[in-house]
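Chemist: My structure is stored as input_14.pdb, with PDB, C-alpha atoms.
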MODEL        1
ATOM      1  CA  MET U   1      25.810 -15.005   3.989
ATOM      2  CA  LYS U   2      29.121 -15.371   5.777
ATOM      3  CA  ALA U   3      29.665 -18.524   7.868
ATOM      4  CA  GLU U   4      30.381 -16.396  10.949
ATOM      5  CA  TYR U   5      26.824 -15.028  10.780
ATOM      6  CA  ILE U   6      25.352 -18.492  11.396
ATOM      7  CA  ASN U   7      26.261 -19.179  15.028
ATOM      8  CA  PRO U   8      24.586 -16.074  16.488
ATOM      9  CA  PHE U   9      21.226 -17.213  15.027
ATOM     10  CA  LEU U  10      21.836 -20.812  16.131
ATOM     11  CA  ASN U  11      22.792 -19.797  19.681
ATOM     12  CA  ALA U  12      19.925 -17.321  20.036
ATOM     13  CA  ALA U  13      17.290 -19.800  18.807
ATOM     14  CA  LYS U  14      18.542 -22.514  21.167
ATOM     15  CA  ASN U  15      18.786 -20.149  24.167
ATOM     16  CA  VAL U  16      15.423 -18.465  23.661
ATOM     17  CA  ILE U  17      13.393 -21.660  23.113
ATOM     18  CA  GLU U  18      15.150 -23.481  25.979
ATOM     19  CA  THR U  19      14.575 -20.550  28.329
ATOM     20  CA  MET U  20      11.052 -19.556  27.295
ATOM     21  CA  ALA U  21       9.608 -23.050  26.814
ATOM     22  CA  ASN U  22      11.758 -25.022  29.254
ATOM     23  CA  LEU U  23      12.551 -27.575  26.544
ATOM     24  CA  SER U  24      15.888 -29.038  25.569
ATOM     25  CA  VAL U  25      16.788 -28.014  22.026
ATOM     26  CA  LYS U  26      19.328 -29.636  19.713
ATOM     27  CA  ASN U  27      20.329 -28.312  16.338
ATOM     28  CA  GLU U  28      21.104 -30.378  13.280
ATOM     29  CA  LYS U  29      23.667 -29.374  10.664
ATOM     30  CA  PRO U  30      22.983 -26.015   8.992
ATOM     31  CA  SER U  31      22.671 -26.158   5.202
ATOM     32  CA  LEU U  32      21.803 -23.919   2.277
ATOM     33  CA  LYS U  33      18.058 -23.600   1.808
ATOM     34  CA  GLN U  34      16.755 -25.346  -1.314
ATOM     35  CA  GLY U  35      13.505 -24.199  -2.925
ATOM     36  CA  ASN U  36      10.970 -21.733  -1.576
ATOM     37  CA  LEU U  37       8.486 -23.833   0.317
ATOM     38  CA  SER U  38       8.198 -22.679   3.874
ATOM     39  CA  TRP U  39       8.508 -25.322   6.469
ATOM     40  CA  GLY U  40       5.854 -26.103   9.075
ATOM     41  CA  VAL U  41       2.473 -24.540   9.761
ATOM     42  CA  ILE U  42       3.399 -21.119  11.104
ATOM     43  CA  SER U  43       6.316 -18.768  10.509
ATOM     44  CA  GLY U  44       7.644 -15.594  12.072
ATOM     45  CA  LEU U  45       9.535 -13.182   9.805
ATOM     46  CA  VAL U  46      11.652 -10.193  10.671
ATOM     47  CA  GLY U  47      13.773  -7.875   8.561
ATOM     48  CA  MET U  48      17.237  -6.615   9.528
ATOM     49  CA  ALA U  49      18.575  -3.345   8.158
ATOM     50  CA  SER U  50      21.335  -0.800   8.533
ATOM     51  CA  GLU U  51      23.326   1.365   6.163
ATOM     52  CA  LYS U  52      25.730  -1.510   5.542
ATOM     53  CA  LEU U  53      23.646  -4.673   6.010
ATOM     54  CA  LYS U  54      20.287  -6.037   4.965
ATOM     55  CA  GLY U  55      18.632  -9.350   5.617
ATOM     56  CA  HIS U  56      15.803 -11.322   7.089
ATOM     57  CA  MET U  57      15.204 -14.176   9.502
ATOM     58  CA  VAL U  58      12.333 -16.648   9.234
ATOM     59  CA  ILE U  59      11.494 -19.161  11.964
ATOM     60  CA  SER U  60       9.004 -21.933  11.119
ATOM     61  CA  PHE U  61       7.481 -24.526  13.440
ATOM     62  CA  ASP U  62       5.650 -27.808  12.925
ATOM     63  CA  LEU U  63       2.299 -27.972  14.708
ATOM     64  CA  PRO U  64       3.254 -30.179  17.716
ATOM     65  CA  CYS U  65       6.374 -28.079  18.261
ATOM     66  CA  ILE U  66       4.697 -24.679  18.390
ATOM     67  CA  LEU U  67       1.766 -25.991  20.460
ATOM     68  CA  GLY U  68       4.220 -27.586  22.913
ATOM     69  CA  ILE U  69       6.332 -24.425  23.133
ATOM     70  CA  VAL U  70       3.389 -22.076  23.671
ATOM     71  CA  SER U  71       1.710 -24.455  26.142
ATOM     72  CA  ASN U  72       4.910 -24.411  28.200
ATOM     73  CA  MET U  73       5.421 -20.644  27.800
ATOM     74  CA  LEU U  74       1.898 -19.734  28.881
ATOM     75  CA  SER U  75       1.251 -22.679  31.280
ATOM     76  CA  GLU U  76      -1.941 -23.538  29.442
ATOM     77  CA  GLN U  77      -2.682 -26.388  27.039
ATOM     78  CA  TYR U  78      -2.980 -25.243  23.405
ATOM     79  CA  THR U  79      -4.345 -27.737  20.852
ATOM     80  CA  GLU U  80      -4.704 -25.464  17.815
ATOM     81  CA  ILE U  81      -3.330 -22.237  16.392
ATOM     82  CA  THR U  82      -5.005 -19.357  18.173
ATOM     83  CA  GLU U  83      -4.265 -15.643  18.460
ATOM     84  CA  ASP U  84      -2.129 -16.397  21.531
ATOM     85  CA  VAL U  85      -0.047 -18.872  19.525
ATOM     86  CA  ILE U  86       0.426 -16.433  16.636
ATOM     87  CA  ASP U  87       1.410 -13.708  19.085
ATOM     88  CA  ALA U  88       3.899 -16.029  20.806
ATOM     89  CA  VAL U  89       5.544 -16.735  17.436
ATOM     90  CA  GLY U  90       6.038 -12.983  17.005
ATOM     91  CA  GLU U  91       7.507 -12.702  20.489
ATOM     92  CA  LEU U  92       9.915 -15.612  19.874
ATOM     93  CA  THR U  93      10.906 -14.190  16.471
ATOM     94  CA  ASN U  94      11.685 -10.853  18.081
ATOM     95  CA  MET U  95      13.655 -12.397  20.944
ATOM     96  CA  ILE U  96      15.684 -14.759  18.748
ATOM     97  CA  CYS U  97      16.574 -12.149  16.152
ATOM     98  CA  GLY U  98      17.270  -9.714  19.003
ATOM     99  CA  GLY U  99      19.678 -12.231  20.537
ATOM    100  CA  ALA U 100      21.446 -12.736  17.200
ATOM    101  CA  LYS U 101      21.616  -8.952  16.729
ATOM    102  CA  LYS U 102      23.336  -8.581  20.099
ATOM    103  CA  GLU U 103      25.962 -11.247  19.350
ATOM    104  CA  LEU U 104      26.520  -9.911  15.816
ATOM    105  CA  SER U 105      26.888  -6.333  17.061
ATOM    106  CA  GLU U 106      29.692  -7.517  19.359
ATOM    107  CA  MET U 107      31.374  -8.869  16.205
ATOM    108  CA  GLY U 108      31.004  -5.451  14.528
ATOM    109  CA  TYR U 109      27.898  -6.226  12.454
ATOM    110  CA  VAL U 110      25.375  -3.616  13.486
ATOM    111  CA  PHE U 111      21.760  -3.444  12.324
ATOM    112  CA  ASP U 112      18.248  -2.719  13.584
ATOM    113  CA  LEU U 113      15.225  -5.013  13.535
ATOM    114  CA  ALA U 114      12.045  -4.278  11.602
ATOM    115  CA  MET U 115       8.611  -5.249  12.916
ATOM    116  CA  PRO U 116       7.999  -9.017  12.974
ATOM    117  CA  LEU U 117       5.189 -10.483  10.895
ATOM    118  CA  MET U 118       3.633 -13.896  11.413
ATOM    119  CA  ILE U 119       2.447 -15.994   8.469
ATOM    120  CA  THR U 120      -0.082 -18.829   8.576
ATOM    121  CA  GLY U 121      -1.695 -20.595   5.626
ATOM    122  CA  LYS U 122      -1.562 -23.616   3.341
ATOM    123  CA  ASP U 123       1.230 -24.356   0.876
ATOM    124  CA  VAL U 124       2.841 -21.045   1.739
ATOM    125  CA  GLU U 125       5.934 -20.233  -0.271
ATOM    126  CA  ILE U 126       8.316 -17.608   1.045
ATOM    127  CA  THR U 127      10.757 -16.374  -1.584
ATOM    128  CA  GLN U 128      13.655 -14.035  -0.953
ATOM    129  CA  PHE U 129      14.096 -11.084  -3.294
ATOM    130  CA  GLY U 130      17.727 -10.663  -4.136
ATOM    131  CA  LYS U 131      20.765 -12.809  -4.390
ATOM    132  CA  GLY U 132      22.617 -14.509  -1.596
ATOM    133  CA  PRO U 133      22.231 -17.917  -0.039
ATOM    134  CA  VAL U 134      19.743 -18.511   2.756
ATOM    135  CA  ILE U 135      21.105 -20.621   5.599
ATOM    136  CA  SER U 136      18.680 -23.129   7.070
ATOM    137  CA  ILE U 137      19.240 -24.436  10.615
ATOM    138  CA  PRO U 138      16.988 -27.345  11.714
ATOM    139  CA  PHE U 139      16.251 -27.839  15.419
ATOM    140  CA  VAL U 140      14.758 -30.777  17.301
ATOM    141  CA  THR U 141      12.935 -30.606  20.625
ATOM    142  CA  GLU U 142      11.017 -33.301  22.500
ATOM    143  CA  LYS U 143       7.789 -31.633  21.305
ATOM    144  CA  GLY U 144       8.643 -31.342  17.598
ATOM    145  CA  ARG U 145      10.825 -29.550  15.103
ATOM    146  CA  PHE U 146      11.495 -25.990  14.018
ATOM    147  CA  VAL U 147      13.758 -24.359  11.458
ATOM    148  CA  VAL U 148      15.518 -20.993  11.434
ATOM    149  CA  GLU U 149      16.363 -19.536   8.022
ATOM    150  CA  ALA U 150      18.429 -16.404   7.718
ATOM    151  CA  ASN U 151      20.230 -14.288   5.209
ATOM    152  CA  LEU U 152      22.289 -11.254   6.121
ATOM    153  CA  THR U 153      24.367  -9.603   3.408
ATOM    154  CA  GLU U 154      26.363  -6.478   2.872
ATOM    155  CA  ARG U 155      24.712  -3.868   0.643
TER     156      ARG U 155
ATOM    157  CA  MET M   1       1.201   5.243  12.374
ATOM    158  CA  LYS M   2       1.110   8.999  11.893
ATOM    159  CA  ALA M   3      -1.134  10.353   9.116
ATOM    160  CA  GLU M   4       1.833  12.105   7.499
ATOM    161  CA  TYR M   5       3.456   8.706   6.905
ATOM    162  CA  ILE M   6       0.625   7.663   4.571
ATOM    163  CA  ASN M   7       1.167   9.873   1.526
ATOM    164  CA  PRO M   8       4.759   8.765   0.827
ATOM    165  CA  PHE M   9       3.567   5.149   0.464
ATOM    166  CA  LEU M  10       0.546   6.205  -1.579
ATOM    167  CA  ASN M  11       2.636   8.384  -3.919
ATOM    168  CA  ALA M  12       5.379   5.812  -4.341
ATOM    169  CA  ALA M  13       2.959   2.969  -5.132
ATOM    170  CA  LYS M  14       1.143   5.086  -7.718
ATOM    171  CA  ASN M  15       4.348   6.337  -9.337
ATOM    172  CA  VAL M  16       6.122   2.991  -9.459
ATOM    173  CA  ILE M  17       3.191   0.992 -10.896
ATOM    174  CA  GLU M  18       2.309   3.731 -13.406
ATOM    175  CA  THR M  19       5.920   4.000 -14.542
ATOM    176  CA  MET M  20       6.890   0.330 -14.539
ATOM    177  CA  ALA M  21       3.659  -1.108 -15.929
ATOM    178  CA  ASN M  22       2.418   1.835 -17.983
ATOM    179  CA  LEU M  23      -0.985   1.638 -16.314
ATOM    180  CA  SER M  24      -3.074   4.407 -14.843
ATOM    181  CA  VAL M  25      -3.479   3.900 -11.103
ATOM    182  CA  LYS M  26      -6.091   5.433  -8.819
ATOM    183  CA  ASN M  27      -6.177   5.080  -5.076
ATOM    184  CA  GLU M  28      -9.250   4.719  -2.924
ATOM    185  CA  LYS M  29      -9.548   6.079   0.599
ATOM    186  CA  PRO M  30      -6.933   4.756   3.039
ATOM    187  CA  SER M  31      -8.351   3.053   6.120
ATOM    188  CA  LEU M  32      -7.214   1.109   9.156
ATOM    189  CA  LYS M  33      -6.649  -2.546   8.344
ATOM    190  CA  GLN M  34      -9.224  -4.870   9.909
ATOM    191  CA  GLY M  35      -8.341  -8.516  10.556
ATOM    192  CA  ASN M  36      -5.282 -10.431   9.415
ATOM    193  CA  LEU M  37      -6.280 -11.989   6.124
ATOM    194  CA  SER M  38      -3.915 -10.960   3.392
ATOM    195  CA  TRP M  39      -5.511  -9.643   0.299
ATOM    196  CA  GLY M  40      -4.995 -11.113  -3.168
ATOM    197  CA  VAL M  41      -2.898 -14.039  -4.365
ATOM    198  CA  ILE M  42       0.630 -12.776  -3.914
ATOM    199  CA  SER M  43       2.273 -10.347  -1.500
ATOM    200  CA  GLY M  44       5.607  -8.605  -1.207
ATOM    201  CA  LEU M  45       6.838  -7.753   2.307
ATOM    202  CA  VAL M  46       9.670  -5.541   3.425
ATOM    203  CA  GLY M  47      10.826  -4.412   6.836
ATOM    204  CA  MET M  48      11.936  -0.873   7.711
ATOM    205  CA  ALA M  49      14.341  -0.235  10.563
ATOM    206  CA  SER M  50      16.527   2.406  12.154
ATOM    207  CA  GLU M  51      17.464   3.320  15.693
ATOM    208  CA  LYS M  52      14.303   5.403  16.018
ATOM    209  CA  LEU M  53      11.776   3.726  13.718
ATOM    210  CA  LYS M  54      10.526   0.246  12.916
ATOM    211  CA  GLY M  55       7.864  -0.973  10.553
ATOM    212  CA  HIS M  56       6.874  -2.994   7.549
ATOM    213  CA  MET M  57       5.146  -2.584   4.216
ATOM    214  CA  VAL M  58       3.092  -5.295   2.520
ATOM    215  CA  ILE M  59       1.805  -4.990  -1.057
ATOM    216  CA  SER M  60      -0.761  -7.548  -2.235
ATOM    217  CA  PHE M  61      -2.182  -8.029  -5.734
ATOM    218  CA  ASP M  62      -5.191  -9.839  -7.165
ATOM    219  CA  LEU M  63      -4.336 -12.280  -9.949
ATOM    220  CA  PRO M  64      -5.428 -10.217 -13.009
ATOM    221  CA  CYS M  65      -3.657  -7.164 -11.591
ATOM    222  CA  ILE M  66      -0.253  -8.768 -11.037
ATOM    223  CA  LEU M  67      -0.406 -10.685 -14.341
ATOM    224  CA  GLY M  68      -1.295  -7.453 -16.179
ATOM    225  CA  ILE M  69       1.453  -5.489 -14.445
ATOM    226  CA  VAL M  70       4.175  -8.072 -15.073
ATOM    227  CA  SER M  71       3.038  -8.657 -18.676
ATOM    228  CA  ASN M  72       3.421  -4.911 -19.289
ATOM    229  CA  MET M  73       6.715  -4.682 -17.371
ATOM    230  CA  LEU M  74       8.351  -7.568 -19.217
ATOM    231  CA  SER M  75       6.536  -7.211 -22.583
ATOM    232  CA  GLU M  76       5.467 -10.827 -22.448
ATOM    233  CA  GLN M  77       2.069 -12.358 -21.717
ATOM    234  CA  TYR M  78       1.872 -13.998 -18.278
ATOM    235  CA  THR M  79      -1.176 -16.162 -17.491
ATOM    236  CA  GLU M  80      -0.082 -17.696 -14.195
ATOM    237  CA  ILE M  81       2.249 -17.025 -11.265
ATOM    238  CA  THR M  82       5.748 -17.991 -12.333
ATOM    239  CA  GLU M  83       9.206 -17.283 -10.924
ATOM    240  CA  ASP M  84       9.338 -14.135 -13.096
ATOM    241  CA  VAL M  85       6.090 -12.889 -11.546
ATOM    242  CA  ILE M  86       7.286 -13.601  -7.993
ATOM    243  CA  ASP M  87      10.556 -11.837  -8.741
ATOM    244  CA  ALA M  88       8.719  -8.825 -10.186
ATOM    245  CA  VAL M  89       6.691  -8.543  -6.967
ATOM    246  CA  GLY M  90       9.971  -8.333  -5.046
ATOM    247  CA  GLU M  91      11.274  -5.679  -7.407
ATOM    248  CA  LEU M  92       8.081  -3.606  -7.109
ATOM    249  CA  THR M  93       8.090  -3.981  -3.305
ATOM    250  CA  ASN M  94      11.656  -2.739  -3.167
ATOM    251  CA  MET M  95      11.000   0.188  -5.499
ATOM    252  CA  ILE M  96       7.803   1.304  -3.778
ATOM    253  CA  CYS M  97       9.220   1.109  -0.253
ATOM    254  CA  GLY M  98      12.409   2.759  -1.569
ATOM    255  CA  GLY M  99      10.337   5.632  -2.975
ATOM    256  CA  ALA M 100       8.487   6.034   0.334
ATOM    257  CA  LYS M 101      11.803   5.913   2.197
ATOM    258  CA  LYS M 102      13.144   8.757   0.048
ATOM    259  CA  GLU M 103      10.095  10.983   0.629
ATOM    260  CA  LEU M 104      10.033  10.158   4.356
ATOM    261  CA  SER M 105      13.758  10.883   4.744
ATOM    262  CA  GLU M 106      13.129  14.360   3.332
ATOM    263  CA  MET M 107      10.571  14.772   6.116
ATOM    264  CA  GLY M 108      13.193  13.728   8.698
ATOM    265  CA  TYR M 109      12.092  10.097   9.119
ATOM    266  CA  VAL M 110      15.176   8.079   8.292
ATOM    267  CA  PHE M 111      15.357   4.275   8.079
ATOM    268  CA  ASP M 112      16.866   1.465   6.012
ATOM    269  CA  LEU M 113      15.080  -1.292   4.141
ATOM    270  CA  ALA M 114      15.448  -4.980   4.954
ATOM    271  CA  MET M 115      15.394  -7.662   2.262
ATOM    272  CA  PRO M 116      11.997  -8.113   0.583
ATOM    273  CA  LEU M 117      10.223 -11.465   0.840
ATOM    274  CA  MET M 118       7.424 -12.624  -1.421
ATOM    275  CA  ILE M 119       4.576 -14.766  -0.090
ATOM    276  CA  THR M 120       2.279 -17.000  -2.124
ATOM    277  CA  GLY M 121      -0.216 -19.567  -0.838
ATOM    278  CA  LYS M 122      -3.826 -20.214   0.048
ATOM    279  CA  ASP M 123      -5.699 -18.521   2.889
ATOM    280  CA  VAL M 124      -2.519 -16.780   3.943
ATOM    281  CA  GLU M 125      -2.841 -14.678   7.072
ATOM    282  CA  ILE M 126      -0.217 -12.034   7.762
ATOM    283  CA  THR M 127      -0.288 -10.766  11.344
ATOM    284  CA  GLN M 128       1.772  -7.909  12.695
ATOM    285  CA  PHE M 129       3.625  -8.428  15.957
ATOM    286  CA  GLY M 130       3.302  -5.392  18.124
ATOM    287  CA  LYS M 131       0.904  -2.580  18.634
ATOM    288  CA  GLY M 132       0.078   0.197  16.249
ATOM    289  CA  PRO M 133      -2.501   0.531  13.506
ATOM    290  CA  VAL M 134      -1.782  -0.756  10.005
ATOM    291  CA  ILE M 135      -2.888   1.618   7.268
ATOM    292  CA  SER M 136      -4.431  -0.032   4.218
ATOM    293  CA  ILE M 137      -4.462   1.845   0.885
ATOM    294  CA  PRO M 138      -6.510   0.238  -1.925
ATOM    295  CA  PHE M 139      -5.588   0.934  -5.543
ATOM    296  CA  VAL M 140      -7.480   0.328  -8.790
ATOM    297  CA  THR M 141      -5.929  -0.142 -12.232
ATOM    298  CA  GLU M 142      -7.557  -1.162 -15.515
ATOM    299  CA  LYS M 143      -6.048  -4.630 -14.995
ATOM    300  CA  GLY M 144      -7.159  -5.232 -11.406
ATOM    301  CA  ARG M 145      -6.637  -4.175  -7.834
ATOM    302  CA  PHE M 146      -3.806  -4.051  -5.350
ATOM    303  CA  VAL M 147      -3.456  -2.944  -1.732
ATOM    304  CA  VAL M 148      -0.548  -1.399   0.142
ATOM    305  CA  GLU M 149      -0.486  -1.911   3.908
ATOM    306  CA  ALA M 150       2.080  -0.200   6.063
ATOM    307  CA  ASN M 151       2.952   0.491   9.640
ATOM    308  CA  LEU M 152       5.844   2.652  10.707
ATOM    309  CA  THR M 153       6.197   3.541  14.371
ATOM    310  CA  GLU M 154       8.689   5.119  16.704
ATOM    311  CA  ARG M 155      10.488   2.708  19.014
TER     312      ARG M 155
ENDMDL
END
Show me, as structure tokens, the structure contained in the file I just sent.

Modeler:
Amino acid sequence: MKAEYINPFLNAAKNVIETMANLSVKNEKPSLKQGNLSWGVISGLVGMASEKLKGHMVISFDLPCILGIVSNMLSEQYTEITEDVIDAVGELTNMICGGAKKELSEMGYVFDLAMPLMITGKDVEITQFGKGPVISIPFVTEKGRFVVEANLTER
Amino acid sequence: MKAEYINPFLNAAKNVIETMANLSVKNEKPSLKQGNLSWGVISGLVGMASEKLKGHMVISFDLPCILGIVSNMLSEQYTEITEDVIDAVGELTNMICGGAKKELSEMGYVFDLAMPLMITGKDVEITQFGKGPVISIPFVTEKGRFVVEANLTER
């Protein structure tokens, strides 16, 4: 994954969560993902594909973070993972990857988004098939933490 | 998901597993997926995307099935889920969705594949974001069972 691919995901994640959940969001330093263990209790996944590019983005939230985000988004207090929470993760995944897609397309990297999937479970490991480093961007909010992982590579 | 989208996934899954694992594969009747629980102990996911279409395919295996398939593929006895097994699931996911893509493109439905991801864990739930029925196609081999789930819809 090229370094110039990182900022569009970082900017989109920050903008979408700040706007949708009315929370201030700070990112920590992006790094290469180590190991396969997914982070947090719930993840949204979406594939990216075109004739020239392929990739995926995964966003994972800790429990207080996603409950705080969805409670703010839907103006209702959520204390556990419900269908609404899972659906909101899909919506956020779509919006964040859509934001990154827009910024990347302006840089000449054009692709379409697949259908987001949301993953919940215990000790979930998400492994990428194929070479290429996955960039991991940690974020901190006043409700909790989330991480965006992405890989976008030329075919 | 249109009914005519089903056979390309069914044919590709049968062909790829029969060819790669030298096993005879029979399918049972496709149906609409009920609920979100993923089936089996390991799943391969891949997104499909173009300007006109978006979707995903998930293939999930029970433990004896994936161990039997990978043991045959790699001519080595596998008794647990290892990195090789996870990698083989990615390879099979890519090949099966690639086969379906080829057959669908001949029917005029053109899309590209995203990067496959493999999911392992306990009580994993995979939920689709967005409307549209997911078709579930169960398969039986002499080693065990696997299921292909797919949704492909027009934007």

Chemist: With only C-alpha atoms as the basis for distance, which of U:Ile96, U:Gly108, U:Val41, U:Val147 is at the shortest distance from Ile17 (chain U)?

Modeler: U:Ile96

Chemist: Residues at most 10 Å from Arg145 (chain U), counting all atoms listed in the file, excluding those fewer than 4 positions away in the same chain, as a ChimeraX atom specification?

Modeler: /U:25-27,39-40,60-66,138-141

Chemist: Write a file of the just-selected residues containing C-alpha atoms, as a PDB file, in the coordinates of the input.

Modeler:
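Wrote part-v3.pdb, looks like this:
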ATOM      1  CA  VAL U  25      16.788 -28.014  22.026  1.00  0.00           C
ATOM      2  CA  LYS U  26      19.328 -29.636  19.713  1.00  0.00           C
ATOM      3  CA  ASN U  27      20.329 -28.312  16.338  1.00  0.00           C
ATOM      4  CA  TRP U  39       8.508 -25.322   6.469  1.00  0.00           C
ATOM      5  CA  GLY U  40       5.854 -26.103   9.075  1.00  0.00           C
ATOM      6  CA  SER U  60       9.004 -21.933  11.119  1.00  0.00           C
ATOM      7  CA  PHE U  61       7.481 -24.526  13.440  1.00  0.00           C
ATOM      8  CA  ASP U  62       5.650 -27.808  12.925  1.00  0.00           C
ATOM      9  CA  LEU U  63       2.299 -27.972  14.708  1.00  0.00           C
ATOM     10  CA  PRO U  64       3.254 -30.179  17.716  1.00  0.00           C
ATOM     11  CA  CYS U  65       6.374 -28.079  18.261  1.00  0.00           C
ATOM     12  CA  ILE U  66       4.697 -24.679  18.390  1.00  0.00           C
ATOM     13  CA  PRO U 138      16.988 -27.345  11.714  1.00  0.00           C
ATOM     14  CA  PHE U 139      16.251 -27.839  15.419  1.00  0.00           C
ATOM     15  CA  VAL U 140      14.758 -30.777  17.301  1.00  0.00           C
ATOM     16  CA  THR U 141      12.935 -30.606  20.625  1.00  0.00           C
TER      17      THR U 141
END

Chemist: Just so the selection is clear, what residues does the ChimeraX specification (/U :<6) & /M cover here, as a PDB file with C-alpha atoms, keeping the file's coordinate frame?

Modeler:
ATOM      1  CA  GLY M  47      10.826  -4.412   6.836  1.00  0.00           C
ATOM      2  CA  MET M  48      11.936  -0.873   7.711  1.00  0.00           C
ATOM      3  CA  ALA M  49      14.341  -0.235  10.563  1.00  0.00           C
ATOM      4  CA  SER M  50      16.527   2.406  12.154  1.00  0.00           C
ATOM      5  CA  LYS M  54      10.526   0.246  12.916  1.00  0.00           C
ATOM      6  CA  GLY M  55       7.864  -0.973  10.553  1.00  0.00           C
ATOM      7  CA  GLY M  90       9.971  -8.333  -5.046  1.00  0.00           C
ATOM      8  CA  ASP M 112      16.866   1.465   6.012  1.00  0.00           C
ATOM      9  CA  LEU M 113      15.080  -1.292   4.141  1.00  0.00           C
ATOM     10  CA  ALA M 114      15.448  -4.980   4.954  1.00  0.00           C
ATOM     11  CA  MET M 115      15.394  -7.662   2.262  1.00  0.00           C
ATOM     12  CA  PRO M 116      11.997  -8.113   0.583  1.00  0.00           C
ATOM     13  CA  LEU M 117      10.223 -11.465   0.840  1.00  0.00           C
ATOM     14  CA  MET M 118       7.424 -12.624  -1.421  1.00  0.00           C
ATOM     15  CA  ILE M 119       4.576 -14.766  -0.090  1.00  0.00           C
ATOM     16  CA  THR M 120       2.279 -17.000  -2.124  1.00  0.00           C
ATOM     17  CA  GLY M 121      -0.216 -19.567  -0.838  1.00  0.00           C
ATOM     18  CA  LYS M 122      -3.826 -20.214   0.048  1.00  0.00           C
ATOM     19  CA  ASP M 123      -5.699 -18.521   2.889  1.00  0.00           C
ATOM     20  CA  VAL M 124      -2.519 -16.780   3.943  1.00  0.00           C
ATOM     21  CA  GLU M 125      -2.841 -14.678   7.072  1.00  0.00           C
ATOM     22  CA  ILE M 126      -0.217 -12.034   7.762  1.00  0.00           C
ATOM     23  CA  THR M 127      -0.288 -10.766  11.344  1.00  0.00           C
ATOM     24  CA  GLN M 128       1.772  -7.909  12.695  1.00  0.00           C
ATOM     25  CA  PHE M 129       3.625  -8.428  15.957  1.00  0.00           C
TER      26      PHE M 129
END

Chemist: Have a look at CA of Leu10 (chain U) and CA of Ile59 (chain U) and let me know their distance in Å, one decimal.

Modeler: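 Going from CA of Leu10 (chain U) over to CA of Ile59 (chain U), I get 11.3 Å.
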
Chemist: Quick one: of U:Ala13, U:Val70, U:Met20, U:Ile6, who's nearest to Lys143 (chain U), counting all atoms listed in the file?

Modeler: U:Val70

Chemist: Expanded to explicit residues, what is the PyMOL selection byres ((chain M and resi 11) around 12) for this file, as a VMD selection string?

Modeler: chain M and resid 5 to 10 12 to 19 25 to 27 95 to 104 137 139 148

Chemist: Can you measure CA of Tyr109 (chain M) to CA of Val58 (chain U) for me? One decimal in Å is fine.

Modeler: 26.7 Å

Chemist: Would you please work out which residue, of U:Ile135, U:Gly144, U:Ala21, U:Val85, is nearest to Glu4 (chain U) when using all atoms listed in the file?

Modeler: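 Residue with the minimum atom-to-atom distance to Glu4 (chain U): U:Ile135.
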
Chemist: Could you check how far CA of Asp84 (chain M) sits from CA of Glu28 (chain M), in Å to one decimal?

Modeler: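 About the pair CA of Asp84 (chain M) and CA of Glu28 (chain M): they are 28.4 Å apart.
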
Chemist: Report, as JSON, the centre and edge lengths in Å (one decimal) of the axis-aligned box enclosing every listed atom of region 74-92 of chain U, padded by 8 Å on each side.

Modeler:
{"center_x": 2.5, "center_y": -20.2, "center_z": 23.8, "size_x": 30.9, "size_y": 31.0, "size_z": 30.9}

Chemist: Using only C-alpha atoms, which of the listed residues (M:Ala3, M:Val110, M:Ser136, M:Thr79) sits closest to Lys29 (chain M)?

Modeler: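 Looking at the shortest contact to Lys29 (chain M), the residue is M:Ser136.
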